[in-house]
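S.K.: Here you go, this is run28.tsv (TSV, C-alpha atoms (C1' of nucleotides)).
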chain	number	residue	atom	x	y	z
A	124	MET	CA	21.24	-10.65	-5.43
A	125	PRO	CA	17.71	-9.27	-5.26
A	126	ASP	CA	16.90	-6.71	-2.63
A	127	ARG	CA	15.53	-8.23	0.53
A	128	SER	CA	12.83	-5.64	1.05
A	129	ALA	CA	11.66	-6.10	-2.52
A	130	LEU	CA	11.27	-9.79	-1.83
A	131	VAL	CA	9.34	-9.20	1.36
A	132	THR	CA	7.18	-6.60	-0.33
A	133	SER	CA	6.32	-9.09	-2.97
A	134	VAL	CA	5.29	-11.63	-0.35
A	135	GLN	CA	3.25	-8.98	1.39
A	136	GLY	CA	1.33	-8.12	-1.76
A	137	GLU	CA	0.48	-11.72	-2.48
A	138	LEU	CA	-0.56	-12.32	1.11
A	139	THR	CA	-2.89	-9.34	0.94
A	140	THR	CA	-4.54	-10.60	-2.21
A	141	LEU	CA	-4.84	-14.08	-0.79
A	142	THR	CA	-6.27	-12.94	2.51
A	143	ARG	CA	-8.72	-10.45	1.07
A	144	ARG	CA	-10.02	-12.91	-1.47
A	145	GLY	CA	-10.21	-15.62	1.11
A	146	THR	CA	-12.54	-13.65	3.30
A	147	ALA	CA	-14.56	-12.60	0.27
A	148	ARG	CA	-15.10	-16.17	-0.82
A	149	ALA	CA	-16.31	-16.86	2.68
A	150	ARG	CA	-19.85	-15.67	2.34
A	151	ASN	CA	-21.03	-17.66	-0.65
A	152	SER	CA	-20.12	-21.13	0.46
A	153	HIS	CA	-22.04	-23.62	2.50
A	154	PRO	CA	-25.55	-22.45	3.30
A	155	ALA	CA	-26.06	-22.03	7.01
A	156	LEU	CA	-22.39	-22.57	7.78
A	157	SER	CA	-20.20	-19.54	7.41
A	158	VAL	CA	-16.47	-19.77	6.87
A	159	VAL	CA	-15.95	-18.63	10.40
A	160	ASP	CA	-18.09	-21.49	11.63
A	161	GLN	CA	-16.25	-23.88	9.37
A	162	SER	CA	-12.89	-22.81	10.68
A	163	LEU	CA	-14.04	-23.29	14.25
A	164	LEU	CA	-15.50	-26.71	13.53
A	165	GLY	CA	-12.32	-27.73	11.77
A	166	PHE	CA	-10.21	-26.64	14.69
A	167	ILE	CA	-12.43	-28.40	17.20
A	168	GLU	CA	-12.34	-31.54	15.12
A	169	SER	CA	-8.56	-31.53	15.23
A	170	ASN	CA	-8.50	-30.55	18.88
A	171	GLN	CA	-11.36	-32.35	20.55
A	172	GLY	CA	-11.83	-31.18	24.09
A	173	CYS	CA	-10.18	-27.84	23.51
A	174	ARG	CA	-11.52	-24.82	25.34
A	175	ALA	CA	-12.81	-21.56	23.94
A	176	ILE	CA	-9.65	-19.75	24.81
A	177	ASP	CA	-7.57	-22.19	22.80
A	178	ILE	CA	-9.61	-21.26	19.76
A	179	ALA	CA	-9.26	-17.59	20.50
A	180	ASP	CA	-5.49	-17.95	20.81
A	181	HIS	CA	-5.16	-19.98	17.64
A	182	PHE	CA	-7.11	-17.59	15.43
A	183	HIS	CA	-6.15	-14.43	17.33
A	184	LEU	CA	-9.72	-13.65	18.17
A	185	ASN	CA	-11.26	-11.98	21.19
A	186	ARG	CA	-12.76	-14.30	23.78
A	187	SER	CA	-16.12	-12.67	23.35
A	188	THR	CA	-16.20	-13.38	19.65
A	189	VAL	CA	-15.42	-17.02	20.18
A	190	SER	CA	-17.97	-17.24	22.94
A	191	ARG	CA	-20.73	-16.03	20.65
A	192	GLN	CA	-19.72	-18.18	17.71
A	193	LEU	CA	-19.62	-21.21	19.95
A	194	ARG	CA	-23.01	-20.38	21.33
A	195	SER	CA	-24.46	-20.39	17.85
A	196	LEU	CA	-22.76	-23.69	17.03
A	197	ALA	CA	-24.10	-25.16	20.25
A	198	ASP	CA	-27.59	-23.90	19.46
A	199	ALA	CA	-27.32	-25.68	16.13
A	200	ARG	CA	-26.35	-28.87	17.99
A	201	LEU	CA	-23.01	-29.06	16.20
A	202	ILE	CA	-20.86	-28.91	19.30
A	203	SER	CA	-21.41	-29.54	22.95
A	204	MET	CA	-19.75	-27.95	25.92
A	205	ALA	CA	-19.53	-30.73	28.42
A	206	PRO	CA	-19.88	-29.73	32.05
A	207	ASP	CA	-16.29	-30.83	32.64
A	208	PRO	CA	-16.32	-34.16	34.45
A	209	GLY	CA	-12.56	-34.00	34.93
A	210	SER	CA	-12.90	-30.55	36.45
A	211	THR	CA	-10.12	-28.74	34.65
A	212	ARG	CA	-10.32	-25.10	33.77
A	213	GLY	CA	-12.93	-23.98	31.32
A	214	GLN	CA	-15.36	-26.03	29.34
A	215	PRO	CA	-13.95	-28.66	27.01
A	216	ILE	CA	-15.66	-28.57	23.64
A	217	VAL	CA	-16.39	-31.53	21.41
A	218	LEU	CA	-18.19	-32.07	18.13
A	219	THR	CA	-21.54	-33.77	18.33
A	220	GLN	CA	-22.37	-36.56	15.93
A	221	ARG	CA	-24.22	-34.05	13.80
A	222	GLY	CA	-21.24	-31.73	14.06
A	223	VAL	CA	-18.95	-34.41	12.71
A	224	GLU	CA	-21.24	-34.99	9.76
A	225	VAL	CA	-21.77	-31.35	8.89
A	226	GLN	CA	-18.09	-30.61	9.24
A	227	ALA	CA	-17.19	-33.50	6.97
A	228	GLU	CA	-19.68	-32.33	4.39
A	229	ALA	CA	-18.50	-28.73	4.43
A	230	ALA	CA	-14.86	-29.78	4.37
A	231	ALA	CA	-15.52	-31.98	1.36
A	232	GLU	CA	-16.92	-29.04	-0.55
A	233	VAL	CA	-13.96	-26.85	0.26
A	234	LEU	CA	-11.63	-29.68	-0.58
A	235	ASP	CA	-13.28	-30.13	-3.96
A	236	ALA	CA	-12.86	-26.50	-4.81
A	237	LEU	CA	-9.25	-26.45	-3.73
A	238	THR	CA	-8.48	-29.68	-5.53
A	239	GLY	CA	-9.85	-28.14	-8.71
A	240	ARG	CA	-7.76	-25.08	-8.23
A	241	LEU	CA	-4.59	-27.10	-7.72
A	242	VAL	CA	-5.24	-29.40	-10.62
A	243	GLY	CA	-2.11	-28.34	-12.48
A	244	TRP	CA	0.18	-28.88	-9.48
A	245	THR	CA	2.26	-31.97	-8.88
A	246	ASP	CA	2.09	-33.72	-5.53
A	247	GLU	CA	5.52	-32.37	-4.72
A	248	GLU	CA	4.43	-28.82	-5.42
A	249	VAL	CA	1.33	-29.15	-3.29
A	250	ALA	CA	3.41	-30.61	-0.50
A	251	ALA	CA	5.89	-27.76	-0.79
A	252	PHE	CA	3.05	-25.27	-0.65
A	253	ALA	CA	1.67	-26.87	2.50
A	254	ASP	CA	5.11	-26.92	4.06
A	255	ILE	CA	5.85	-23.31	3.44
A	256	LEU	CA	2.43	-22.20	4.66
A	257	ARG	CA	2.88	-24.30	7.76
A	258	ARG	CA	6.23	-22.77	8.41
A	259	TYR	CA	4.87	-19.27	7.95
A	260	ASN	CA	1.95	-19.92	10.27
A	261	ALA	CA	4.27	-21.38	12.86
A	262	GLU	CA	6.42	-18.24	13.01
A	263	PRO	CA	5.75	-16.31	16.16
A	264	ALA	CA	3.54	-13.36	15.37
A	265	ALA	CA	5.99	-10.52	14.93
B	237	MET	CA	3.48	-41.69	-2.21
B	238	PRO	CA	1.27	-39.59	0.04
B	239	ASP	CA	-2.41	-39.38	-0.68
B	240	ARG	CA	-3.35	-36.44	-2.85
B	241	SER	CA	-6.39	-35.49	-0.85
B	242	ALA	CA	-4.37	-35.56	2.35
B	243	LEU	CA	-1.96	-33.10	0.77
B	244	VAL	CA	-4.73	-30.80	-0.36
B	245	THR	CA	-6.42	-31.02	3.02
B	246	SER	CA	-3.22	-29.98	4.64
B	247	VAL	CA	-2.97	-26.96	2.35
B	248	GLN	CA	-6.56	-26.11	3.11
B	249	GLY	CA	-5.99	-26.14	6.84
B	250	GLU	CA	-2.99	-23.88	6.60
B	251	LEU	CA	-4.79	-21.51	4.26
B	252	THR	CA	-7.65	-21.27	6.72
B	253	THR	CA	-5.34	-20.41	9.57
B	254	LEU	CA	-3.48	-17.90	7.45
B	255	THR	CA	-6.60	-16.21	6.17
B	256	ARG	CA	-8.39	-16.07	9.49
B	257	ARG	CA	-5.37	-14.66	11.25
B	258	GLY	CA	-4.76	-12.22	8.48
B	259	THR	CA	-8.15	-10.64	8.88
B	260	ALA	CA	-7.74	-10.65	12.64
B	261	ARG	CA	-4.47	-8.80	12.45
B	262	ALA	CA	-6.24	-6.26	10.33
B	263	ARG	CA	-7.97	-4.27	13.02
B	264	ASN	CA	-5.05	-3.35	15.23
B	265	SER	CA	-2.71	-1.88	12.68
B	266	HIS	CA	-2.47	1.65	11.42
B	267	PRO	CA	-4.79	4.00	13.25
B	268	ALA	CA	-7.36	5.51	10.94
B	269	LEU	CA	-6.41	3.21	8.08
B	270	SER	CA	-7.99	-0.20	8.16
B	271	VAL	CA	-6.50	-3.16	6.36
B	272	VAL	CA	-9.25	-2.91	3.83
B	273	ASP	CA	-8.27	0.67	3.16
B	274	GLN	CA	-4.64	-0.33	2.95
B	275	SER	CA	-5.33	-3.02	0.43
B	276	LEU	CA	-7.30	-0.62	-1.75
B	277	LEU	CA	-4.61	2.03	-1.57
B	278	GLY	CA	-1.99	-0.53	-2.46
B	279	PHE	CA	-3.95	-1.70	-5.45
B	280	ILE	CA	-4.58	1.83	-6.65
B	281	GLU	CA	-0.93	2.66	-6.25
B	282	SER	CA	-0.01	-0.24	-8.50
B	283	ASN	CA	-2.85	0.50	-10.89
B	284	GLN	CA	-3.14	4.24	-11.12
B	285	GLY	CA	-6.20	5.27	-13.07
B	286	CYS	CA	-8.07	2.05	-12.41
B	287	ARG	CA	-11.80	2.21	-11.93
B	288	ALA	CA	-13.88	1.02	-9.00
B	289	ILE	CA	-14.99	-2.06	-10.82
B	290	ASP	CA	-11.40	-3.14	-11.41
B	291	ILE	CA	-10.89	-3.14	-7.66
B	292	ALA	CA	-14.10	-5.05	-7.10
B	293	ASP	CA	-13.02	-7.68	-9.62
B	294	HIS	CA	-9.53	-8.02	-8.18
B	295	PHE	CA	-10.64	-8.53	-4.60
B	296	HIS	CA	-13.92	-10.24	-5.43
B	297	LEU	CA	-15.97	-7.57	-3.73
B	298	ASN	CA	-19.37	-6.16	-4.47
B	299	ARG	CA	-19.45	-2.87	-6.34
B	300	SER	CA	-21.33	-1.24	-3.50
B	301	THR	CA	-18.67	-2.15	-0.99
B	302	VAL	CA	-15.93	-0.66	-3.11
B	303	SER	CA	-17.99	2.42	-3.76
B	304	ARG	CA	-18.34	3.11	-0.07
B	305	GLN	CA	-14.72	2.39	0.77
B	306	LEU	CA	-13.61	4.69	-2.00
B	307	ARG	CA	-15.92	7.38	-0.78
B	308	SER	CA	-14.30	7.27	2.62
B	309	LEU	CA	-10.82	7.37	1.10
B	310	ALA	CA	-11.84	10.32	-1.04
B	311	ASP	CA	-13.28	12.10	1.99
B	312	ALA	CA	-9.92	11.63	3.66
B	313	ARG	CA	-8.25	13.18	0.59
B	314	LEU	CA	-6.22	10.05	-0.05
B	315	ILE	CA	-7.54	9.41	-3.52
B	316	SER	CA	-9.27	11.48	-6.14
B	317	MET	CA	-11.77	10.43	-8.72
B	318	ALA	CA	-10.96	12.57	-11.70
B	319	PRO	CA	-13.88	13.63	-13.85
B	320	ASP	CA	-12.48	11.63	-16.78
B	321	PRO	CA	-11.02	14.05	-19.31
B	322	GLY	CA	-10.53	11.23	-21.80
B	323	SER	CA	-14.19	10.29	-21.47
B	324	THR	CA	-13.91	6.54	-21.07
B	325	ARG	CA	-16.26	4.53	-18.96
B	326	GLY	CA	-16.27	5.04	-15.24
B	327	GLN	CA	-14.13	7.27	-13.08
B	328	PRO	CA	-10.38	6.71	-13.11
B	329	ILE	CA	-8.96	6.75	-9.60
B	330	VAL	CA	-5.56	8.04	-8.56
B	331	LEU	CA	-3.73	8.55	-5.30
B	332	THR	CA	-3.36	12.12	-4.14
B	333	GLN	CA	-0.04	13.33	-2.85
B	334	ARG	CA	-1.26	12.70	0.65
B	335	GLY	CA	-2.46	9.29	-0.42
B	336	VAL	CA	0.99	8.39	-1.66
B	337	GLU	CA	2.53	9.42	1.63
B	338	VAL	CA	0.04	7.65	3.86
B	339	GLN	CA	0.21	4.52	1.75
B	340	ALA	CA	3.99	4.50	1.93
B	341	GLU	CA	3.88	4.93	5.67
B	342	ALA	CA	1.35	2.16	6.23
B	343	ALA	CA	3.16	-0.14	3.83
B	344	ALA	CA	6.40	0.44	5.69
B	345	GLU	CA	4.81	-0.64	8.94
B	346	VAL	CA	3.43	-3.80	7.43
B	347	LEU	CA	6.74	-4.47	5.76
B	348	ASP	CA	8.54	-4.10	9.05
B	349	ALA	CA	6.30	-6.60	10.73
B	350	LEU	CA	6.62	-9.08	7.91
B	351	THR	CA	10.36	-8.63	7.72
B	352	GLY	CA	10.59	-9.44	11.40
B	353	ARG	CA	8.49	-12.50	10.95
B	354	LEU	CA	10.63	-13.76	8.08
B	355	VAL	CA	13.88	-13.06	9.84
B	356	GLY	CA	14.94	-16.70	9.84
B	357	TRP	CA	14.30	-17.19	6.15
B	358	THR	CA	16.92	-17.03	3.46
B	359	ASP	CA	16.38	-14.83	0.43
B	360	GLU	CA	15.79	-17.93	-1.63
B	361	GLU	CA	13.10	-19.15	0.74
B	362	VAL	CA	11.33	-15.82	0.74
B	363	ALA	CA	11.47	-15.75	-3.03
B	364	ALA	CA	10.08	-19.25	-3.21
B	365	PHE	CA	7.27	-18.26	-0.87
B	366	ALA	CA	6.39	-15.26	-3.02
B	367	ASP	CA	6.47	-17.39	-6.14
B	368	ILE	CA	4.19	-20.05	-4.83
B	369	LEU	CA	1.72	-17.51	-3.46
B	370	ARG	CA	1.76	-15.69	-6.77
B	371	ARG	CA	1.08	-18.91	-8.60
B	372	TYR	CA	-1.77	-19.79	-6.29
B	373	ASN	CA	-3.35	-16.36	-6.61
B	374	ALA	CA	-3.05	-16.53	-10.38
B	375	GLU	CA	-4.99	-19.78	-10.59
B	376	PRO	CA	-8.47	-19.14	-11.92
B	377	ALA	CA	-10.93	-19.22	-9.06
B	378	ALA	CA	-12.23	-22.75	-9.13
C	36	DG	C1'	-33.35	12.53	-33.04
C	37	DA	C1'	-35.66	9.32	-29.88
C	38	DC	C1'	-35.12	4.62	-27.74
C	39	DT	C1'	-33.08	0.93	-25.97
C	40	DT	C1'	-29.20	-1.49	-23.81
C	41	DG	C1'	-25.25	-2.60	-21.16
C	42	DG	C1'	-21.75	-1.07	-18.12
C	43	DT	C1'	-20.79	1.60	-13.97
C	44	DG	C1'	-21.52	3.76	-9.68
C	45	DT	C1'	-24.67	4.85	-5.50
C	46	DT	C1'	-27.95	4.22	-1.81
C	47	DG	C1'	-31.27	1.90	1.51
C	48	DC	C1'	-31.47	-1.92	4.29
C	49	DA	C1'	-30.14	-5.84	6.83
C	50	DT	C1'	-26.66	-8.89	8.64
C	51	DT	C1'	-22.20	-10.86	10.33
C	52	DG	C1'	-18.11	-10.64	12.64
C	53	DT	C1'	-15.59	-8.23	15.67
C	54	DG	C1'	-13.44	-5.63	19.82
C	55	DC	C1'	-13.66	-3.49	24.28
C	56	DA	C1'	-15.03	-3.07	28.80
C	57	DA	C1'	-17.45	-4.61	32.52
C	58	DC	C1'	-19.10	-8.35	34.86
C	59	DA	C1'	-19.61	-13.28	36.58
C	60	DT	C1'	-17.63	-17.60	37.83
C	61	DT	C1'	-14.53	-20.74	39.49
C	62	DG	C1'	-10.32	-23.33	40.46
C	63	DG	C1'	-5.93	-22.71	42.98
C	64	DA	C1'	-2.63	-20.74	45.87
C	65	DT	C1'	-1.37	-18.40	50.27
D	144	DA	C1'	-10.91	-18.16	54.56
D	145	DT	C1'	-9.29	-15.01	51.18
D	146	DC	C1'	-7.40	-13.36	47.28
D	147	DC	C1'	-5.98	-13.96	42.44
D	148	DA	C1'	-5.73	-15.30	37.85
D	149	DA	C1'	-7.89	-17.60	34.18
D	150	DT	C1'	-12.00	-18.21	31.67
D	151	DG	C1'	-16.37	-17.27	29.83
D	152	DT	C1'	-20.52	-13.96	28.98
D	153	DT	C1'	-23.00	-9.81	27.97
D	154	DG	C1'	-23.97	-4.89	26.60
D	155	DC	C1'	-22.64	-1.76	23.36
D	156	DA	C1'	-20.82	0.07	19.22
D	157	DC	C1'	-18.88	-0.26	14.70
D	158	DA	C1'	-16.74	-1.74	10.20
D	159	DA	C1'	-17.37	-4.43	6.23
D	160	DT	C1'	-20.26	-6.60	3.39
D	161	DG	C1'	-24.11	-8.25	0.04
D	162	DC	C1'	-28.39	-7.58	-2.38
D	163	DA	C1'	-31.66	-5.11	-4.77
D	164	DA	C1'	-33.21	-1.11	-6.59
D	165	DC	C1'	-32.08	2.96	-8.62
D	166	DA	C1'	-29.43	6.67	-11.32
D	167	DC	C1'	-26.43	7.82	-14.92
D	168	DC	C1'	-24.26	7.70	-19.24
D	169	DA	C1'	-22.02	6.13	-23.54
D	170	DA	C1'	-22.95	3.70	-27.65
D	171	DG	C1'	-25.69	1.58	-30.93
D	172	DT	C1'	-30.21	0.97	-33.49
D	173	DC	C1'	-34.18	2.34	-35.69
Could you write out this file's structure as structure tokens?
M.R.:
Amino acid sequence: MPDRSALVTSVQGELTTLTRRGTARARNSHPALSVVDQSLLGFIESNQGCRAIDIADHFHLNRSTVSRQLRSLADARLISMAPDPGSTRGQPIVLTQRGVEVQAEAAAEVLDALTGRLVGWTDEEVAAFADILRRYNAEPAA
Amino acid sequence: MPDRSALVTSVQGELTTLTRRGTARARNSHPALSVVDQSLLGFIESNQGCRAIDIADHFHLNRSTVSRQLRSLADARLISMAPDPGSTRGQPIVLTQRGVEVQAEAAAEVLDALTGRLVGWTDEEVAAFADILRRYNAEPAA
DNA sequence: GACTTGGTGTTGCATTGTGCAACATTGGAT
DNA sequence: ATCCAATGTTGCACAATGCAACACCAAGTC
């Protein structure tokens, strides 16, 4: 039976490599659409009408950071913060038509790269990878 | 049979969440030892005598970035850049005694947090997670 | 021996992403 | 009517990062 802490250490090392490389890859991708922007657009796409604080909670970011990123996306006409007709708390955020297009384009690029990287994986393996990542992400932050 | 691109998209989404959160978690950890610093120390520990460019290659960072991070670690007496007695290229880097201690301490903290997060996982599941991450990291960058 | 060349590290400069703290706003509850 | 909690914004500072130019040095080449 392998030592538990050795197992966890091994996970930790791989996570570090993955995370560090992931942020590094960020800069060189889509011109005029940083990885941060992409992640926000992707989240908004999947959660139309979400508020800034939902984004902050999901990515564990400060409200101020999200506020500024959203401002820049709004300036670029990729999202719009409707003046809340339903009058709930906060400002529900939606993708504009242009936002939908740009997001789709950027996502396609990322998808291409990832598809190439996973070319040797069977469907079952990819599915297992997605499942285990999903489970990890769903764990309450320790 | 599920659509391949749907599977890959799902992986992509989870990877984004994981990566973005990972960098976010970075800031609040060990005082006076950023996650970037921790990752460098960890790499050096596992690759004693490596050179700056090895680190840059591993994490896909610019030489200048590594140079500056190493400088700060050296200033803190955590690493030392020996003046190459063997006279190979570059400056082999090693952890100092203090570096070993600080690295162990920081690693223990991270390990604790991760252990807590994986508390509901069996050893086999943790091992499978490590394996699949290792495989993904080993794939040539597409 | 002098000259070039390629690999390695450093520095100046600009930029992005980020947090914190203070403030502003506004919808609800008492 | 008043207070409170949630939400968003802004001023400020800072860490990490890339690029380009430079410095340095070992190893060949003539």
S.K.: Between C:DT65, C:DT60, C:DT45, C:DT53, which is the closest to A:Ser187 once you count only C-alpha atoms (C1' of nucleotides)?
M.R.: C:DT53
S.K.: Give the residues of chain B that lie within 9 Å of chain A; count all atoms listed in the file, and format the answer as JSON, numbers by chain.
M.R.: {"B": [237, 238, 239, 240, 241, 243, 244, 245, 246, 247, 248, 249, 250, 251, 252, 253, 254, 255, 256, 257, 258, 259, 260, 261, 271, 272, 275, 278, 294, 295, 296, 297, 343, 346, 347, 349, 350, 351, 352, 353, 354, 359, 361, 362, 363, 364, 365, 366, 367, 368, 369, 370, 372, 373, 375, 376, 377, 378]}
S.K.: Leaving out B:Asp273 and any residue of its chain fewer than 3 positions from it, which residues lie within 12 Å of it when counting all atoms listed in the file, given as a ChimeraX atom specification?
M.R.: /A:139,143 /B:262-263,265-270,276-280,291,301-302,304-310,312,314-315,335,338-339,342-343 /D:158-159
S.K.: Using all atoms listed in the file, which protein or nucleic acid residues come within 12 Å of C:DG47? Drop anything in the same chain fewer than 4 positions from it, and give the result as an NGL selection string.
M.R.: (:B and (300)) or (:D and (162-165))
S.K.: What would chain A look like once superposed on chain B, with the fit done by least squares over all C-alpha atoms paired in order? Give it as a compact mmCIF listing (two decimals) with C-alpha atoms, keeping the file's coordinate frame.
M.R.:
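Saved to superposed.txt:
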# COMPACT_ATOMS: atom_id res chain seq x y z
CA MET A 124 3.32 -41.60 -2.60
CA PRO A 125 1.22 -39.51 -0.24
CA ASP A 126 -2.48 -39.28 -0.85
CA ARG A 127 -3.45 -36.32 -2.96
CA SER A 128 -6.48 -35.37 -0.91
CA ALA A 129 -4.41 -35.47 2.26
CA LEU A 130 -2.02 -33.01 0.67
CA VAL A 131 -4.80 -30.69 -0.40
CA THR A 132 -6.44 -30.95 2.99
CA SER A 133 -3.23 -29.91 4.58
CA VAL A 134 -3.00 -26.87 2.32
CA GLN A 135 -6.59 -26.05 3.11
CA GLY A 136 -5.99 -26.10 6.84
CA GLU A 137 -2.99 -23.82 6.60
CA LEU A 138 -4.83 -21.44 4.31
CA THR A 139 -7.68 -21.23 6.80
CA THR A 140 -5.34 -20.39 9.64
CA LEU A 141 -3.51 -17.86 7.53
CA THR A 142 -6.65 -16.18 6.28
CA ARG A 143 -8.42 -16.06 9.62
CA ARG A 144 -5.41 -14.66 11.39
CA GLY A 145 -4.81 -12.20 8.63
CA THR A 146 -8.20 -10.64 9.00
CA ALA A 147 -7.83 -10.67 12.78
CA ARG A 148 -4.57 -8.78 12.65
CA ALA A 149 -6.34 -6.25 10.48
CA ARG A 150 -8.01 -4.23 13.16
CA ASN A 151 -5.07 -3.32 15.36
CA SER A 152 -2.75 -1.84 12.80
CA HIS A 153 -2.47 1.66 11.50
CA PRO A 154 -4.77 4.07 13.30
CA ALA A 155 -7.33 5.55 10.98
CA LEU A 156 -6.38 3.24 8.13
CA SER A 157 -7.96 -0.17 8.22
CA VAL A 158 -6.49 -3.15 6.43
CA VAL A 159 -9.24 -2.91 3.90
CA ASP A 160 -8.27 0.67 3.20
CA GLN A 161 -4.64 -0.32 3.00
CA SER A 162 -5.33 -3.03 0.50
CA LEU A 163 -7.28 -0.64 -1.68
CA LEU A 164 -4.59 2.02 -1.51
CA GLY A 165 -1.96 -0.55 -2.36
CA PHE A 166 -3.91 -1.73 -5.36
CA ILE A 167 -4.55 1.79 -6.58
CA GLU A 168 -0.89 2.62 -6.18
CA SER A 169 0.03 -0.30 -8.41
CA ASN A 170 -2.78 0.43 -10.82
CA GLN A 171 -3.08 4.18 -11.07
CA GLY A 172 -6.13 5.18 -13.03
CA CYS A 173 -7.97 1.95 -12.37
CA ARG A 174 -11.72 2.08 -11.91
CA ALA A 175 -13.81 0.90 -9.00
CA ILE A 176 -14.88 -2.20 -10.80
CA ASP A 177 -11.29 -3.26 -11.34
CA ILE A 178 -10.82 -3.21 -7.59
CA ALA A 179 -14.02 -5.13 -7.06
CA ASP A 180 -12.92 -7.78 -9.55
CA HIS A 181 -9.45 -8.09 -8.09
CA PHE A 182 -10.57 -8.58 -4.50
CA HIS A 183 -13.86 -10.31 -5.35
CA LEU A 184 -15.89 -7.63 -3.68
CA ASN A 185 -19.31 -6.24 -4.47
CA ARG A 186 -19.37 -2.96 -6.36
CA SER A 187 -21.28 -1.33 -3.57
CA THR A 188 -18.65 -2.20 -1.01
CA VAL A 189 -15.90 -0.73 -3.12
CA SER A 190 -17.97 2.34 -3.81
CA ARG A 191 -18.34 3.06 -0.12
CA GLN A 192 -14.73 2.36 0.75
CA LEU A 193 -13.61 4.64 -2.04
CA ARG A 194 -15.94 7.33 -0.85
CA SER A 195 -14.34 7.25 2.56
CA LEU A 196 -10.85 7.35 1.05
CA ALA A 197 -11.88 10.28 -1.10
CA ASP A 198 -13.34 12.08 1.91
CA ALA A 199 -9.99 11.62 3.61
CA ARG A 200 -8.30 13.17 0.56
CA LEU A 201 -6.26 10.04 -0.07
CA ILE A 202 -7.56 9.37 -3.54
CA SER A 203 -9.29 11.40 -6.17
CA MET A 204 -11.77 10.32 -8.77
CA ALA A 205 -10.96 12.47 -11.73
CA PRO A 206 -13.90 13.49 -13.89
CA ASP A 207 -12.43 11.47 -16.75
CA PRO A 208 -10.86 13.85 -19.25
CA GLY A 209 -10.27 11.00 -21.69
CA SER A 210 -13.91 10.01 -21.42
CA THR A 211 -13.57 6.28 -21.02
CA ARG A 212 -15.96 4.24 -18.98
CA GLY A 213 -16.13 4.83 -15.28
CA GLN A 214 -14.05 7.10 -13.14
CA PRO A 215 -10.31 6.55 -13.12
CA ILE A 216 -8.92 6.65 -9.61
CA VAL A 217 -5.54 7.98 -8.57
CA LEU A 218 -3.73 8.51 -5.29
CA THR A 219 -3.40 12.08 -4.14
CA GLN A 220 -0.08 13.33 -2.85
CA ARG A 221 -1.32 12.73 0.66
CA GLY A 222 -2.49 9.29 -0.41
CA VAL A 223 0.97 8.42 -1.64
CA GLU A 224 2.49 9.47 1.65
CA VAL A 225 0.00 7.69 3.88
CA GLN A 226 0.20 4.56 1.79
CA ALA A 227 3.98 4.56 1.96
CA GLU A 228 3.87 5.00 5.70
CA ALA A 229 1.35 2.22 6.26
CA ALA A 230 3.17 -0.09 3.88
CA ALA A 231 6.42 0.51 5.72
CA GLU A 232 4.84 -0.59 8.97
CA VAL A 233 3.45 -3.75 7.46
CA LEU A 234 6.75 -4.40 5.77
CA ASP A 235 8.58 -4.06 9.07
CA ALA A 236 6.34 -6.57 10.73
CA LEU A 237 6.64 -9.03 7.90
CA THR A 238 10.39 -8.59 7.67
CA GLY A 239 10.63 -9.43 11.36
CA ARG A 240 8.52 -12.48 10.89
CA LEU A 241 10.64 -13.73 8.00
CA VAL A 242 13.91 -13.04 9.73
CA GLY A 243 14.96 -16.69 9.71
CA TRP A 244 14.29 -17.14 5.98
CA THR A 245 16.91 -16.95 3.27
CA ASP A 246 16.33 -14.74 0.26
CA GLU A 247 15.72 -17.83 -1.82
CA GLU A 248 13.06 -19.07 0.57
CA VAL A 249 11.29 -15.73 0.62
CA ALA A 250 11.40 -15.62 -3.15
CA ALA A 251 9.99 -19.13 -3.34
CA PHE A 252 7.22 -18.16 -0.96
CA ALA A 253 6.32 -15.15 -3.09
CA ASP A 254 6.38 -17.26 -6.22
CA ILE A 255 4.11 -19.93 -4.91
CA LEU A 256 1.65 -17.41 -3.49
CA ARG A 257 1.65 -15.59 -6.80
CA ARG A 258 0.97 -18.76 -8.65
CA TYR A 259 -1.86 -19.68 -6.31
CA ASN A 260 -3.44 -16.25 -6.61
CA ALA A 261 -3.16 -16.40 -10.36
CA GLU A 262 -5.12 -19.65 -10.60
CA PRO A 263 -8.59 -19.02 -11.89
CA ALA A 264 -11.03 -19.11 -9.01
CA ALA A 265 -12.35 -22.64 -9.08
